[in-house]
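Engineer: One file: input_14.txt (compact mmCIF, C-alpha atoms and all ligand atoms).
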```txt
# COMPACT_ATOMS: atom_id res chain seq x y z
CA MET A 261 -9.83 -12.17 -7.40
CA ILE A 262 -8.04 -8.83 -7.59
CA ASP A 263 -9.07 -6.19 -10.13
CA ALA A 264 -6.00 -5.26 -12.15
CA SER A 265 -7.77 -3.71 -15.13
CA GLY A 266 -5.71 -0.97 -16.74
CA CYS A 267 -2.72 -1.99 -14.60
CA HIS A 268 0.68 -3.58 -15.03
CA VAL A 269 1.56 -6.54 -12.83
CA THR A 270 5.29 -6.51 -12.10
CA PRO A 271 7.77 -8.00 -9.64
CA GLY A 272 7.63 -6.10 -6.35
CA PHE A 273 9.77 -2.99 -6.10
CA VAL A 274 12.99 -3.00 -4.09
CA ASP A 275 14.28 0.18 -2.43
CA LEU A 276 18.00 0.10 -1.65
CA HIS A 277 17.88 3.23 0.49
CA VAL A 278 15.36 3.81 3.29
CA HIS A 279 15.71 5.48 6.68
CA LEU A 280 13.27 3.86 9.11
CA ARG A 281 14.57 5.77 12.18
CA GLU A 282 13.77 2.95 14.63
CA PRO A 283 15.54 2.40 16.98
CA GLY A 284 16.16 5.85 18.35
CA ARG A 285 14.00 8.37 16.52
CA GLU A 286 10.55 6.87 16.57
CA GLU A 287 8.98 10.34 16.56
CA ALA A 288 10.01 10.60 12.89
CA GLU A 289 9.21 7.06 11.69
CA THR A 290 8.91 3.53 12.99
CA ILE A 291 9.65 0.27 11.24
CA GLU A 292 5.91 -0.27 11.05
CA THR A 293 4.97 3.15 9.62
CA GLY A 294 7.91 3.10 7.21
CA SER A 295 7.02 -0.42 6.07
CA ARG A 296 3.45 0.70 5.45
CA ALA A 297 4.66 3.65 3.39
CA ALA A 298 6.87 1.22 1.45
CA ALA A 299 4.00 -1.18 0.74
CA LEU A 300 1.81 1.69 -0.45
CA GLY A 301 4.64 2.75 -2.74
CA GLY A 302 4.74 -0.74 -4.26
CA PHE A 303 7.92 -1.87 -2.46
CA THR A 304 7.99 -5.47 -1.26
CA ALA A 305 11.58 -5.18 -0.03
CA ILE A 306 13.55 -2.29 1.42
CA VAL A 307 17.10 -1.92 2.67
CA ALA A 308 17.08 -0.08 6.01
CA MET A 309 19.93 2.37 6.48
CA PRO A 310 22.06 1.95 9.62
CA ASN A 311 22.09 5.54 10.93
CA THR A 312 19.78 4.69 13.80
CA ASP A 313 20.50 5.02 17.52
CA PRO A 314 22.04 2.58 18.24
CA PRO A 315 23.35 2.06 14.71
CA HIS A 316 23.34 -1.30 12.89
CA ASP A 317 26.82 -2.36 13.97
CA THR A 318 25.84 -5.28 16.19
CA LEU A 319 23.80 -8.41 15.61
CA ALA A 320 21.45 -7.35 18.41
CA THR A 321 20.36 -4.21 16.53
CA ILE A 322 20.09 -6.07 13.21
CA GLU A 323 17.88 -8.71 14.88
CA PHE A 324 15.77 -6.03 16.53
CA VAL A 325 15.05 -4.40 13.14
CA ARG A 326 14.24 -7.76 11.55
CA ASN A 327 11.86 -8.69 14.37
CA GLN A 328 10.01 -5.38 14.26
CA ALA A 329 9.67 -5.72 10.49
CA ARG A 330 8.34 -9.29 10.77
CA ARG A 331 5.82 -8.11 13.33
CA ALA A 332 4.60 -5.34 10.99
CA GLY A 333 4.43 -7.84 8.10
CA LEU A 334 4.08 -5.15 5.43
CA CYS A 335 7.30 -5.63 3.47
CA ASP A 336 10.61 -7.45 3.78
CA VAL A 337 13.16 -5.26 5.55
CA PHE A 338 16.85 -5.95 5.05
CA PRO A 339 18.93 -3.95 7.53
CA ALA A 340 22.22 -2.76 6.05
CA GLY A 341 25.14 -3.17 8.43
CA CYS A 342 27.58 -0.39 9.28
CA ILE A 343 31.00 -0.43 7.60
CA THR A 344 32.59 1.12 10.69
CA VAL A 345 31.77 0.94 14.39
CA GLY A 346 29.22 3.61 15.25
CA ARG A 347 29.57 4.93 11.65
CA ALA A 348 32.48 6.89 13.10
CA GLY A 349 34.88 5.98 10.30
CA GLU A 350 37.65 4.78 12.59
CA GLN A 351 37.39 1.04 13.09
CA LEU A 352 35.78 -1.68 10.98
CA ALA A 353 32.43 -3.05 12.19
CA PRO A 354 32.21 -6.86 12.60
CA LEU A 355 31.57 -7.42 8.88
CA GLY A 356 32.20 -11.18 9.05
CA GLU A 357 29.85 -11.78 11.96
CA LEU A 358 27.08 -9.69 10.41
CA ALA A 359 27.57 -11.29 6.96
CA ALA A 360 27.33 -14.75 8.56
CA ALA A 361 23.98 -13.64 10.00
CA GLY A 362 22.72 -12.80 6.51
CA VAL A 363 23.56 -9.10 6.13
CA THR A 364 24.31 -8.56 2.43
CA MET A 365 24.92 -4.81 2.26
CA PHE A 366 27.06 -2.49 4.38
CA THR A 367 27.22 1.29 4.48
CA ASP A 368 27.85 4.19 6.86
CA ASP A 369 25.18 6.20 5.01
CA GLY A 370 24.69 9.68 6.31
CA ASN A 371 28.50 9.66 6.41
CA GLY A 372 31.01 8.63 3.79
CA VAL A 373 33.99 6.54 4.91
CA GLN A 374 36.60 9.30 4.81
CA ASP A 375 39.78 7.24 5.26
CA PRO A 376 40.81 5.57 1.97
CA ALA A 377 42.95 2.98 3.78
CA LEU A 378 40.00 1.91 5.93
CA MET A 379 37.72 1.74 2.89
CA ARG A 380 40.31 -0.34 1.07
CA ARG A 381 40.50 -2.77 3.99
CA ALA A 382 36.69 -2.96 4.18
CA LEU A 383 36.56 -3.80 0.45
CA GLU A 384 39.24 -6.47 0.89
CA TYR A 385 37.03 -8.16 3.49
CA ALA A 386 33.77 -7.59 1.61
CA GLY A 387 34.79 -9.34 -1.63
CA PRO A 388 35.46 -12.79 -0.11
CA LEU A 389 32.42 -12.44 2.19
CA GLY A 390 30.21 -11.97 -0.87
CA VAL A 391 28.69 -8.72 0.41
CA VAL A 392 28.49 -5.28 -1.17
CA LEU A 393 29.70 -2.00 0.33
CA ALA A 394 27.52 1.02 -0.44
CA GLN A 395 29.15 4.42 -0.22
CA HIS A 396 27.66 7.77 0.74
CA CYS A 397 30.00 9.83 -1.44
CA GLU A 398 30.87 12.98 0.46
CA VAL A 399 34.29 14.34 1.34
CA ALA A 400 33.24 15.89 4.63
CA SER A 401 35.95 18.55 4.78
CA LEU A 402 34.49 20.11 1.61
CA THR A 403 30.91 20.35 2.92
CA LYS A 404 31.35 21.82 6.41
CA GLY A 405 28.49 24.23 7.09
CA ALA A 406 27.10 23.82 3.55
CA VAL A 407 23.34 23.98 3.03
CA MET A 408 22.84 23.81 -0.74
CA HIS A 409 24.57 23.12 -4.05
CA GLU A 410 27.51 25.45 -4.71
CA GLY A 411 26.62 27.40 -7.85
CA SER A 412 25.07 30.60 -9.06
CA CYS A 413 21.79 30.10 -7.19
CA CYS A 414 23.62 29.66 -3.89
CA SER A 415 25.73 32.76 -4.59
CA HIS A 416 22.57 34.81 -5.21
CA LEU A 417 21.04 33.60 -1.99
CA GLY A 418 24.27 34.14 -0.04
CA LEU A 419 24.18 30.62 1.40
CA PRO A 420 27.19 28.39 2.06
CA GLY A 421 27.75 26.09 -0.91
CA TRP A 422 28.14 22.31 -1.18
CA PRO A 423 30.44 21.65 -4.13
CA ALA A 424 29.77 18.86 -6.64
CA LEU A 425 33.43 17.96 -6.18
CA ALA A 426 32.76 16.74 -2.62
CA GLU A 427 30.76 13.88 -4.17
CA GLU A 428 32.85 13.33 -7.28
CA LEU A 429 36.17 12.94 -5.42
CA MET A 430 34.79 10.04 -3.42
CA VAL A 431 33.04 8.50 -6.43
CA HIS A 432 36.39 8.53 -8.21
CA ARG A 433 38.27 7.21 -5.16
CA ASP A 434 35.89 4.30 -4.61
CA ILE A 435 35.84 3.34 -8.27
CA GLU A 436 39.64 3.11 -8.09
CA LEU A 437 39.46 1.14 -4.81
CA SER A 438 37.04 -1.29 -6.48
CA ARG A 439 39.47 -1.61 -9.40
CA LEU A 440 42.32 -2.29 -6.95
CA THR A 441 40.52 -4.82 -4.75
CA GLY A 442 38.19 -6.41 -7.29
CA SER A 443 35.33 -6.01 -4.79
CA PRO A 444 31.94 -4.57 -5.71
CA VAL A 445 31.00 -1.08 -4.67
CA HIS A 446 27.55 0.51 -4.84
CA LEU A 447 27.39 4.31 -5.03
CA LEU A 448 24.44 5.81 -3.17
CA HIS A 449 22.26 8.73 -4.28
CA LEU A 450 24.35 10.15 -7.14
CA SER A 451 23.55 13.76 -7.92
CA THR A 452 26.10 15.28 -10.31
CA THR A 453 27.00 15.11 -14.00
CA ARG A 454 30.63 14.12 -13.35
CA SER A 455 29.57 11.34 -10.96
CA VAL A 456 27.47 9.81 -13.73
CA ASP A 457 30.34 10.17 -16.22
CA LEU A 458 32.75 8.47 -13.80
CA VAL A 459 30.39 5.53 -13.29
CA ARG A 460 29.82 5.23 -17.03
CA ALA A 461 33.59 4.99 -17.60
CA ALA A 462 33.97 2.48 -14.74
CA LYS A 463 31.32 0.25 -16.28
CA ALA A 464 33.00 0.51 -19.67
CA ASP A 465 36.15 -0.79 -17.93
CA GLY A 466 34.16 -3.78 -16.68
CA LEU A 467 34.42 -2.83 -12.99
CA ARG A 468 31.97 -4.10 -10.38
CA VAL A 469 30.48 -0.66 -9.79
CA THR A 470 26.74 -0.01 -9.43
CA ALA A 471 24.88 3.20 -8.69
CA GLU A 472 21.51 4.58 -7.70
CA ALA A 473 19.71 7.91 -8.00
CA ALA A 474 16.85 9.30 -5.91
CA PRO A 475 13.67 10.69 -7.48
CA HIS A 476 14.28 14.16 -6.01
CA HIS A 477 17.56 14.32 -7.89
CA PHE A 478 15.78 13.91 -11.22
CA ALA A 479 12.63 15.88 -10.31
CA LEU A 480 13.92 19.03 -8.54
CA THR A 481 16.74 21.56 -8.87
CA ASP A 482 18.62 23.86 -6.50
CA GLU A 483 16.26 26.66 -7.61
CA SER A 484 13.73 25.24 -5.09
CA LEU A 485 15.91 26.62 -2.30
CA ARG A 486 14.91 30.15 -3.31
CA SER A 487 11.93 29.50 -1.03
CA PHE A 488 14.36 29.05 1.90
CA ASP A 489 12.13 26.11 2.85
CA ALA A 490 14.13 23.34 4.55
CA VAL A 491 11.84 20.73 3.02
CA PHE A 492 14.16 21.09 0.00
CA LYS A 493 17.34 20.54 2.02
CA VAL A 494 18.83 17.13 1.34
CA ASN A 495 22.19 15.38 1.33
CA PRO A 496 23.53 15.35 -1.35
CA PRO A 497 21.84 18.64 -2.24
CA LEU A 498 19.50 19.33 -5.13
CA ARG A 499 21.70 20.28 -8.10
CA THR A 500 21.31 22.23 -11.34
CA ALA A 501 19.09 21.53 -14.35
CA ASN A 502 22.18 20.21 -16.18
CA ASP A 503 22.81 17.70 -13.40
CA VAL A 504 19.15 16.65 -13.46
CA ALA A 505 19.48 16.01 -17.19
CA ALA A 506 22.64 13.95 -16.59
CA ILE A 507 20.92 11.83 -13.91
CA LYS A 508 18.04 11.19 -16.31
CA ARG A 509 20.47 10.21 -19.09
CA GLY A 510 22.28 7.92 -16.66
CA LEU A 511 19.05 6.16 -15.79
CA ILE A 512 17.95 5.90 -19.39
CA ASP A 513 21.24 4.39 -20.63
CA GLY A 514 21.60 2.10 -17.60
CA THR A 515 24.70 3.78 -16.13
CA ILE A 516 22.60 4.29 -13.02
CA ASP A 517 21.22 0.86 -12.15
CA ALA A 518 18.54 1.67 -9.62
CA ILE A 519 16.03 4.23 -8.47
CA ALA A 520 16.31 4.39 -4.67
CA THR A 521 14.31 6.81 -2.58
CA ASP A 522 16.61 7.88 0.28
CA HIS A 523 13.33 8.14 2.21
CA ALA A 524 14.44 10.34 5.13
CA PRO A 525 11.61 11.26 7.52
CA HIS A 526 12.02 14.22 9.85
CA PRO A 527 9.42 15.63 12.25
CA PRO A 528 7.90 19.07 11.44
CA GLU A 529 9.65 20.93 14.25
CA SER A 530 13.08 20.03 12.87
CA LYS A 531 12.20 20.91 9.26
CA GLU A 532 10.68 24.23 10.36
CA ALA A 533 14.10 25.33 11.61
CA ALA A 534 16.31 27.73 9.64
CA LEU A 535 18.08 26.19 6.65
CA ASP A 536 21.44 25.90 8.38
CA GLN A 537 19.88 24.20 11.43
CA ALA A 538 17.40 21.85 9.74
CA PRO A 539 18.46 18.26 9.06
CA PRO A 540 18.77 17.12 5.42
CA GLY A 541 16.30 14.62 3.97
CA MET A 542 12.90 14.16 2.39
CA LEU A 543 10.21 11.48 2.18
CA GLY A 544 10.30 9.26 -0.88
CA LEU A 545 8.58 5.89 -0.60
CA GLU A 546 5.04 6.86 -1.53
CA THR A 547 5.91 9.13 -4.47
CA ALA A 548 8.79 7.23 -6.14
CA LEU A 549 6.87 5.34 -8.82
CA ALA A 550 4.77 8.35 -9.80
CA LEU A 551 7.82 10.63 -10.04
CA ALA A 552 9.63 8.08 -12.18
CA ILE A 553 6.67 7.76 -14.54
CA THR A 554 6.01 11.51 -14.60
CA GLU A 555 9.62 12.69 -14.98
CA LEU A 556 11.50 9.98 -16.85
CA ASP A 557 11.11 9.49 -20.55
CA MET A 558 12.05 5.82 -20.55
CA PRO A 559 10.33 2.56 -21.51
CA LEU A 560 8.20 1.25 -18.67
CA ALA A 561 10.08 -2.08 -18.68
CA ASP A 562 13.38 -0.26 -18.05
CA LEU A 563 11.77 1.83 -15.35
CA VAL A 564 10.50 -1.29 -13.58
CA ALA A 565 13.97 -2.84 -13.95
CA ALA A 566 15.44 0.15 -12.10
CA LEU A 567 12.80 -0.21 -9.39
CA SER A 568 12.79 -3.98 -9.04
CA TRP A 569 15.16 -6.62 -10.35
CA LYS A 570 18.26 -4.50 -10.71
CA PRO A 571 18.19 -3.28 -7.08
CA ALA A 572 17.23 -6.82 -5.95
CA ALA A 573 20.41 -8.13 -7.59
CA ILE A 574 22.55 -5.38 -6.02
CA ALA A 575 21.18 -6.15 -2.55
CA GLY A 576 21.73 -9.90 -3.04
CA ILE A 577 18.05 -10.70 -2.52
CA ALA A 578 17.15 -11.75 -6.07
CA ASP A 579 16.09 -15.21 -4.86
CA ARG A 580 12.90 -13.71 -3.38
CA HIS A 581 12.48 -10.25 -4.89
CA GLY A 582 12.48 -8.93 -8.43
CA CYS A 583 11.91 -12.51 -9.61
CA ARG A 584 10.25 -13.58 -12.84
CA ILE A 585 6.51 -13.89 -12.42
CA ALA A 586 5.95 -17.64 -12.69
CA GLU A 587 4.06 -20.43 -11.03
CA GLY A 588 5.95 -21.53 -7.93
CA ALA A 589 8.00 -18.32 -7.75
CA PRO A 590 7.63 -16.05 -4.68
CA ALA A 591 4.58 -13.84 -5.25
CA ASN A 592 6.09 -10.50 -4.29
CA LEU A 593 4.21 -8.34 -6.76
CA THR A 594 3.29 -4.75 -7.50
CA ILE A 595 0.19 -3.86 -9.48
CA PHE A 596 0.07 -0.28 -10.68
CA ASP A 597 -1.93 1.95 -12.97
CA PRO A 598 0.57 3.96 -15.07
CA THR A 599 -2.00 6.57 -16.10
CA ALA A 600 -3.81 7.35 -12.82
CA ALA A 601 -3.27 10.98 -11.83
CA TRP A 602 -3.20 11.95 -8.16
CA THR A 603 -2.18 14.89 -6.02
CA VAL A 604 0.29 14.56 -3.17
CA HIS A 605 -1.36 15.46 0.15
CA PRO A 606 1.24 15.15 2.91
CA GLU A 607 -1.38 14.50 5.59
CA ARG A 608 -2.62 11.46 3.66
CA LEU A 609 0.78 9.74 3.56
CA ALA A 610 1.33 6.68 5.75
CA SER A 611 4.75 7.87 6.85
CA LYS A 612 4.84 9.30 10.37
CA SER A 613 6.53 12.43 8.98
CA ARG A 614 5.28 14.99 6.48
CA ASN A 615 8.47 16.31 4.84
CA THR A 616 7.65 15.74 1.20
CA PRO A 617 8.82 18.43 -1.23
CA PHE A 618 6.06 17.35 -3.64
CA ALA A 619 3.07 18.58 -1.61
CA GLY A 620 0.33 19.77 -3.97
CA ARG A 621 2.04 18.31 -7.06
CA THR A 622 -0.16 16.23 -9.37
CA LEU A 623 1.67 13.13 -10.54
CA ARG A 624 0.90 10.27 -12.89
CA GLY A 625 1.08 6.59 -11.93
CA ARG A 626 -0.29 4.94 -8.82
CA VAL A 627 0.14 1.64 -7.01
CA ARG A 628 -3.18 -0.16 -6.76
CA HIS A 629 -2.20 -3.41 -5.03
CA THR A 630 0.94 -4.85 -3.43
CA LEU A 631 1.36 -8.55 -2.67
CA LEU A 632 3.91 -9.80 -0.17
CA ASP A 633 4.52 -13.52 -0.45
CA GLY A 634 1.09 -13.97 -2.00
CA VAL A 635 -0.72 -11.91 0.65
CA PRO A 636 -2.25 -8.55 -0.35
CA VAL A 637 -0.72 -5.90 1.92
CA VAL A 638 -2.19 -3.09 -0.20
CA LEU A 639 -5.59 -3.43 -1.85
CA ASP A 640 -7.08 -0.63 -3.95
CA GLY A 641 -4.49 1.81 -2.59
CA ILE A 642 -5.22 1.01 1.04
CA ALA A 643 -2.90 -0.89 3.39
CA THR A 644 -4.55 -4.01 4.75
CA ARG A 645 -2.63 -3.98 8.03
O1 LIG B 1 19.33 13.82 3.10
C1 LIG B 1 19.77 12.88 3.72
N1 LIG B 1 19.17 12.46 4.86
N2 LIG B 1 20.86 12.25 3.28
C2 LIG B 1 21.51 11.34 4.03
O2 LIG B 1 22.51 10.82 3.59
C3 LIG B 1 21.00 10.99 5.38
C4 LIG B 1 19.55 11.25 5.47
C5 LIG B 1 19.00 11.18 6.87
O3 LIG B 1 19.31 10.22 7.60
O4 LIG B 1 18.19 12.04 7.21
```
Just dump the structure as structure tokens.
Structural biologist:
Amino acid sequence: MIDASGCHVTPGFVDLHVHLREPGREEAETIETGSRAAALGGFTAIVAMPNTDPPHDTLATIEFVRNQARRAGLCDVFPAGCITVGRAGEQLAPLGELAAAGVTMFTDDGNGVQDPALMRRALEYAGPLGVVLAQHCEVASLTKGAVMHEGSCCSHLGLPGWPALAEELMVHRDIELSRLTGSPVHLLHLSTTRSVDLVRAAKADGLRVTAEAAPHHFALTDESLRSFDAVFKVNPPLRTANDVAAIKRGLIDGTIDAIATDHAPHPPESKEAALDQAPPGMLGLETALALAITELDMPLADLVAALSWKPAAIAGIADRHGCRIAEGAPANLTIFDPTAAWTVHPERLASKSRNTPFAGRTLRGRVRHTLLDGVPVVLDGIATR
């Protein structure tokens, strides 16, 4: 018997965008600590980004991640494969071999694939393989040395700006490459008004284009950088209030399919560096649901869709996650109280890192229990393993 009074029982959440750091940067996060943070956030499945060391461009690394995740037993971890060898953007990774081993999503996240011919070829392979390519939309030559959104706030602060166009050019390019090849493309962490407009038009044309947005891109603006605190530095950067409104509209009207955290742990010493030295990224797994409930004025059923069955379908894991709740179906479930208020205390998070920009914020909505394949991995807000 589990007490679910005052709660909603929904299919488990699915996060398309998580950095687990293992292998290579275990001081920031491990597969175990990241999986625990995911379970506490209500996620029963997460897609692990490939920018590890070594990156996910061989079967050996993919198998290593899967084994570590199985050992932790806190949520299902689906490692995304690299699109290019070493995420270097020069040569295709062994997409066929990795797809045959069950990898359903590929990305060079952290980097966008700069070469349009290479991206076209990757899409031509991906379609017949039945996998999806996810793009980190950033034209790198436009963001060299940039630390924050290019706009009036950045001019006031005298900091090098990161233009919205750097994202929008690649969003546009990949929509057109999807049109050309007929292959699906998923656009990661959208942050600008024009990006949302481009995806809306692509969907109206019936293209196989999906998109996600991260909670920080609908909960924070570039004004946060006035503090010069690198906890607010992220890639793509926090944008303006108009962009925040566009991201919210995109989620509400379904242009943006999924809420994905881009959980990006970094140890304190690296985030305490000056803005131009500090790495981009912020924690997301344990605050995602509450930020969505607190910030988004949308029906709870649509919000759960964006957190559960829509991302499950994009990742190709809808046979086990985001399923209808029914007898005989896999019991990957999230049980949350939509009204519970709580304050974010970084030191109480399960993540190994502390770089949340929401420290001290009181949010509404809290996960009470999470069930993975019928087994409670979170009970009354506490991880059971
Ligand atoms: O802010 C970010 N951090 N964006 C990315 O695309 C990569 C990520 C990271 O790995 O830290």
Engineer: I'd like to know which of A:His279, A:Arg608, A:His316, A:Arg381 is closest to ligand LIG 1 (chain B), using only C-alpha atoms and all ligand atoms.
Structural biologist: A:His279
Engineer: How many Å lie between atom CA of A:Met430 and atom CA of A:Ala400, rounded to one decimal?
Structural biologist: 10.1 Å
Engineer: Taking all atoms listed in the file into account, which of A:Ala490, A:Leu485, A:Ala329, A:Ala548 comes nearest A:Glu529?
Structural biologist: A:Ala490
Engineer: Could the residues of chain A that have an atom at most 9 Å from ligand LIG 1 (chain B) be listed as a tab-separated table, each with its closest atom pair and the distance in Å to one decimal, counting only C-alpha atoms and all ligand atoms and ordered by chain and ascending residue number?
Structural biologist:
```
residue	atom	partner	partner_atom	distance
A:Val278	CA	B:LIG1	O3	8.7
A:His279	CA	B:LIG1	O3	6.0
A:Leu280	CA	B:LIG1	O3	8.9
A:Arg281	CA	B:LIG1	O3	8.0
A:Met309	CA	B:LIG1	O3	8.0
A:Pro310	CA	B:LIG1	O3	8.9
A:Asn311	CA	B:LIG1	O3	6.4
A:Thr312	CA	B:LIG1	O3	8.3
A:Asp369	CA	B:LIG1	O2	5.5
A:Gly370	CA	B:LIG1	O2	3.7
A:Asn371	CA	B:LIG1	O2	6.7
A:Gly372	CA	B:LIG1	O2	8.8
A:His396	CA	B:LIG1	O2	6.6
A:Leu448	CA	B:LIG1	O2	8.6
A:His449	CA	B:LIG1	O2	8.1
A:Lys493	CA	B:LIG1	O1	7.1
A:Val494	CA	B:LIG1	O1	3.8
A:Asn495	CA	B:LIG1	O1	3.7
A:Pro496	CA	B:LIG1	N2	6.2
A:Pro497	CA	B:LIG1	O1	7.6
A:Asp522	CA	B:LIG1	N2	6.8
A:His523	CA	B:LIG1	C4	7.7
A:Ala524	CA	B:LIG1	O4	4.6
A:Pro525	CA	B:LIG1	O4	6.6
A:His526	CA	B:LIG1	O4	7.1
A:Pro539	CA	B:LIG1	O4	6.5
A:Pro540	CA	B:LIG1	O1	4.1
A:Gly541	CA	B:LIG1	O1	3.3
A:Met542	CA	B:LIG1	O1	6.5
```
Engineer: Residues at most 12 Å from A:Pro617, counting all atoms listed in the file, excluding those fewer than 2 positions away in the same chain, as JSON, numbers by chain?
Structural biologist: {"A": [475, 476, 477, 479, 480, 481, 484, 485, 487, 489, 490, 491, 492, 493, 494, 498, 523, 524, 525, 531, 541, 542, 543, 544, 547, 551, 604, 605, 606, 614, 615, 619, 620, 621]}
Engineer: Distance atom CA of A:Leu511-atom CA of A:Asp557, one decimal place?
Structural biologist: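 A separation of 9.8 Å between them.
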Engineer: Under the rule that only C-alpha atoms are counted, which of A:Ala298, A:Ala473, A:Ile595, A:Leu352 is the nearest residue to A:His446?
Structural biologist: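 Ranked by minimum distance to A:His446, first place goes to A:Ala473.
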Engineer: For atom CA of A:Asn502 and atom CA of A:Thr554, determine how far apart the two atoms are, in Å to one decimal place.
Structural biologist: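 Between these atoms lies a distance of 18.4 Å.
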Engineer: Once you count only C-alpha atoms, which residues end up no further than 8 Å from (0.2, -4.7, 3.7) in the file's frame, shown as a PyMOL selection string?
Structural biologist: chain A and resi 296+299-300+333-335+630-632+635-638+643-645
Engineer: Given the choices A:Lys404, A:Arg380, A:His409, A:Arg285, which gets closest to A:Glu436 if the distance is worked out from all atoms listed in the file?
Structural biologist: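 Smallest distance to A:Glu436 is found for A:Arg380.
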Engineer: What lies within 12 Å of A:Ile519 using only C-alpha atoms, ignoring chain neighbours under 4 positions off, as a VMD selection string?
Structural biologist: chain A and resid 273 to 278 303 447 to 450 470 to 478 507 to 508 510 to 512 514 to 515 523 544 to 545 547 to 549 551 to 553 556 562 to 572 574
Engineer: Write to file, as a PDB file, in the coordinates of the input, the residues of the selection just made, with C-alpha atoms.
Structural biologist:
```pdb
ATOM      1  CA  PHE A 273       9.770  -2.990  -6.100  1.00  0.00           C
ATOM      2  CA  VAL A 274      12.990  -3.000  -4.090  1.00  0.00           C
ATOM      3  CA  ASP A 275      14.280   0.180  -2.430  1.00  0.00           C
ATOM      4  CA  LEU A 276      18.000   0.100  -1.650  1.00  0.00           C
ATOM      5  CA  HIS A 277      17.880   3.230   0.490  1.00  0.00           C
ATOM      6  CA  VAL A 278      15.360   3.810   3.290  1.00  0.00           C
ATOM      7  CA  PHE A 303       7.920  -1.870  -2.460  1.00  0.00           C
ATOM      8  CA  LEU A 447      27.390   4.310  -5.030  1.00  0.00           C
ATOM      9  CA  LEU A 448      24.440   5.810  -3.170  1.00  0.00           C
ATOM     10  CA  HIS A 449      22.260   8.730  -4.280  1.00  0.00           C
ATOM     11  CA  LEU A 450      24.350  10.150  -7.140  1.00  0.00           C
ATOM     12  CA  THR A 470      26.740  -0.010  -9.430  1.00  0.00           C
ATOM     13  CA  ALA A 471      24.880   3.200  -8.690  1.00  0.00           C
ATOM     14  CA  GLU A 472      21.510   4.580  -7.700  1.00  0.00           C
ATOM     15  CA  ALA A 473      19.710   7.910  -8.000  1.00  0.00           C
ATOM     16  CA  ALA A 474      16.850   9.300  -5.910  1.00  0.00           C
ATOM     17  CA  PRO A 475      13.670  10.690  -7.480  1.00  0.00           C
ATOM     18  CA  HIS A 476      14.280  14.160  -6.010  1.00  0.00           C
ATOM     19  CA  HIS A 477      17.560  14.320  -7.890  1.00  0.00           C
ATOM     20  CA  PHE A 478      15.780  13.910 -11.220  1.00  0.00           C
ATOM     21  CA  ILE A 507      20.920  11.830 -13.910  1.00  0.00           C
ATOM     22  CA  LYS A 508      18.040  11.190 -16.310  1.00  0.00           C
ATOM     23  CA  GLY A 510      22.280   7.920 -16.660  1.00  0.00           C
ATOM     24  CA  LEU A 511      19.050   6.160 -15.790  1.00  0.00           C
ATOM     25  CA  ILE A 512      17.950   5.900 -19.390  1.00  0.00           C
ATOM     26  CA  GLY A 514      21.600   2.100 -17.600  1.00  0.00           C
ATOM     27  CA  THR A 515      24.700   3.780 -16.130  1.00  0.00           C
ATOM     28  CA  HIS A 523      13.330   8.140   2.210  1.00  0.00           C
ATOM     29  CA  GLY A 544      10.300   9.260  -0.880  1.00  0.00           C
ATOM     30  CA  LEU A 545       8.580   5.890  -0.600  1.00  0.00           C
ATOM     31  CA  THR A 547       5.910   9.130  -4.470  1.00  0.00           C
ATOM     32  CA  ALA A 548       8.790   7.230  -6.140  1.00  0.00           C
ATOM     33  CA  LEU A 549       6.870   5.340  -8.820  1.00  0.00           C
ATOM     34  CA  LEU A 551       7.820  10.630 -10.040  1.00  0.00           C
ATOM     35  CA  ALA A 552       9.630   8.080 -12.180  1.00  0.00           C
ATOM     36  CA  ILE A 553       6.670   7.760 -14.540  1.00  0.00           C
ATOM     37  CA  LEU A 556      11.500   9.980 -16.850  1.00  0.00           C
ATOM     38  CA  ASP A 562      13.380  -0.260 -18.050  1.00  0.00           C
ATOM     39  CA  LEU A 563      11.770   1.830 -15.350  1.00  0.00           C
ATOM     40  CA  VAL A 564      10.500  -1.290 -13.580  1.00  0.00           C
ATOM     41  CA  ALA A 565      13.970  -2.840 -13.950  1.00  0.00           C
ATOM     42  CA  ALA A 566      15.440   0.150 -12.100  1.00  0.00           C
ATOM     43  CA  LEU A 567      12.800  -0.210  -9.390  1.00  0.00           C
ATOM     44  CA  SER A 568      12.790  -3.980  -9.040  1.00  0.00           C
ATOM     45  CA  TRP A 569      15.160  -6.620 -10.350  1.00  0.00           C
ATOM     46  CA  LYS A 570      18.260  -4.500 -10.710  1.00  0.00           C
ATOM     47  CA  PRO A 571      18.190  -3.280  -7.080  1.00  0.00           C
ATOM     48  CA  ALA A 572      17.230  -6.820  -5.950  1.00  0.00           C
ATOM     49  CA  ILE A 574      22.550  -5.380  -6.020  1.00  0.00           C
TER      50      ILE A 574
END
```
Engineer: Identify which of the residues A:Trp422, A:Phe488, A:Phe596, A:Phe338 lies closest to A:Gly272, counting all atoms listed in the file when measuring atom-to-atom distances.
Structural biologist: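 Nearest to A:Gly272: A:Phe596.
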Engineer: So, with all atoms listed in the file as the atoms that count, which of A:Arg454, A:Arg584, A:Arg624, A:Lys463 lies closest to A:Val269?
Structural biologist: A:Arg584
Engineer: Please list as a ChimeraX atom specification every residue within 6 Å of A:Ala297, counting only C-alpha atoms and excluding residues in the same chain fewer than 2 positions away.
Structural biologist: /A:294-295,299-300,546,610-611
Engineer: Neighbours of A:Cys413 within 9 Å (only C-alpha atoms; same-chain residues fewer than 5 positions away dropped), as a list of chain:residue names?
Structural biologist: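 What passes the distance filter is A:Gly418, A:Leu419, A:Asp482, A:Glu483, A:Leu485, A:Arg486, A:Thr500.
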